[in-house]
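Asks: Just one file: data18.pdb, with PDB, C-alpha atoms.
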ATOM      1  CA  MET A   1     -60.467 -26.945   7.139
ATOM      2  CA  ALA A   2     -61.448 -28.442   3.803
ATOM      3  CA  LEU A   3     -60.268 -31.275   1.594
ATOM      4  CA  LYS A   4     -59.766 -31.027  -2.167
ATOM      5  CA  ILE A   5     -60.607 -34.353  -3.800
ATOM      6  CA  LYS A   6     -59.771 -35.257  -7.402
ATOM      7  CA  LEU A   7     -60.925 -38.354  -9.310
ATOM      8  CA  VAL A   8     -57.858 -39.821 -11.047
ATOM      9  CA  LYS A   9     -59.106 -43.263 -12.119
ATOM     10  CA  SER A  10     -62.187 -44.339 -14.043
ATOM     11  CA  LEU A  11     -65.371 -45.486 -12.327
ATOM     12  CA  ALA A  12     -66.037 -48.025 -15.097
ATOM     13  CA  GLY A  13     -66.182 -51.584 -13.816
ATOM     14  CA  ARG A  14     -66.036 -50.604 -10.135
ATOM     15  CA  LYS A  15     -68.363 -51.832  -7.403
ATOM     16  CA  ASP A  16     -71.718 -50.070  -7.431
ATOM     17  CA  SER A  17     -71.179 -48.872  -3.862
ATOM     18  CA  HIS A  18     -67.869 -47.258  -4.837
ATOM     19  CA  ILE A  19     -69.453 -45.524  -7.821
ATOM     20  CA  GLU A  20     -72.229 -44.182  -5.581
ATOM     21  CA  THR A  21     -69.668 -42.980  -3.028
ATOM     22  CA  ALA A  22     -67.767 -41.082  -5.733
ATOM     23  CA  LYS A  23     -70.993 -39.531  -7.015
ATOM     24  CA  SER A  24     -71.990 -38.500  -3.485
ATOM     25  CA  LEU A  25     -68.728 -36.564  -3.323
ATOM     26  CA  GLY A  26     -69.571 -34.875  -6.638
ATOM     27  CA  LEU A  27     -67.067 -36.849  -8.723
ATOM     28  CA  ARG A  28     -68.431 -38.109 -12.026
ATOM     29  CA  LYS A  29     -65.619 -37.848 -14.593
ATOM     30  CA  ILE A  30     -61.860 -38.375 -14.478
ATOM     31  CA  GLY A  31     -60.215 -35.091 -13.531
ATOM     32  CA  ALA A  32     -63.267 -33.820 -11.652
ATOM     33  CA  GLU A  33     -62.385 -31.926  -8.476
ATOM     34  CA  THR A  34     -64.476 -31.022  -5.455
ATOM     35  CA  VAL A  35     -63.916 -29.361  -2.100
ATOM     36  CA  GLN A  36     -65.486 -31.104   0.870
ATOM     37  CA  PRO A  37     -65.472 -30.376   4.616
ATOM     38  CA  ASP A  38     -62.953 -32.313   6.699
ATOM     39  CA  ASN A  39     -65.248 -34.414   8.889
ATOM     40  CA  ALA A  40     -65.786 -38.060   9.794
ATOM     41  CA  ALA A  41     -68.342 -38.691   7.024
ATOM     42  CA  THR A  42     -66.049 -37.340   4.314
ATOM     43  CA  ARG A  43     -63.061 -39.245   5.713
ATOM     44  CA  GLY A  44     -65.087 -42.478   5.599
ATOM     45  CA  LYS A  45     -65.991 -41.925   1.949
ATOM     46  CA  ILE A  46     -62.356 -41.164   1.122
ATOM     47  CA  ALA A  47     -61.231 -44.359   2.866
ATOM     48  CA  GLN A  48     -63.667 -46.435   0.792
ATOM     49  CA  ILE A  49     -62.484 -45.142  -2.609
ATOM     50  CA  ASN A  50     -58.900 -44.079  -1.811
ATOM     51  CA  TYR A  51     -57.567 -46.075  -4.792
ATOM     52  CA  LEU A  52     -59.560 -43.869  -7.205
ATOM     53  CA  ILE A  53     -58.791 -40.402  -5.866
ATOM     54  CA  GLU A  54     -56.113 -37.916  -4.796
ATOM     55  CA  VAL A  55     -56.713 -35.831  -1.686
ATOM     56  CA  THR A  56     -55.031 -32.552  -0.701
ATOM     57  CA  GLU A  57     -55.753 -30.306   2.252
ATOM     58  CA  GLU A  58     -56.688 -26.689   1.686
TER      59      GLU A  58
END
Go through the file and emit its structure as structure tokens.
Replies:
Amino acid sequence: MALKIKLVKSLAGRKDSHIETAKSLGLRKIGAETVQPDNAATRGKIAQINYLIEVTEE
């Protein structure tokens, strides 16, 4: 199973750790989408920046 993650809010002015988390998921610009495996590490990253992203299951 995989998760499709889309960045819907800007990273400008966010905590450095949240910006780094988004970049580790491959999200750099608004509208950027990535597909990540559904595992504990990915779920933890999603939980940290859930206010910036939209997540759908594939």
Asks: Name the residues captured by the PyMOL selection byres ((chain A and resi 34-38) around 6) when it is applied to the shown file; answer as a PyMOL selection string.
Replies: chain A and resi 1-5+33+39
Asks: Considering all atoms listed in the file, state which residue in the set A:Glu57, A:Arg14, A:Val8, A:Ile49 is at the smallest distance from Lys29 in chain A.
Replies: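 Answer, going by the shortest atom-to-atom distance: A:Val8.
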Asks: What do you get, as an MDAnalysis selection string, if you spell out every residue that the PyMOL selection byres ((chain A and resi 11) around 12) selects here?
Replies: chainID A and resid 7:10 12:23 27:32 49 51:53
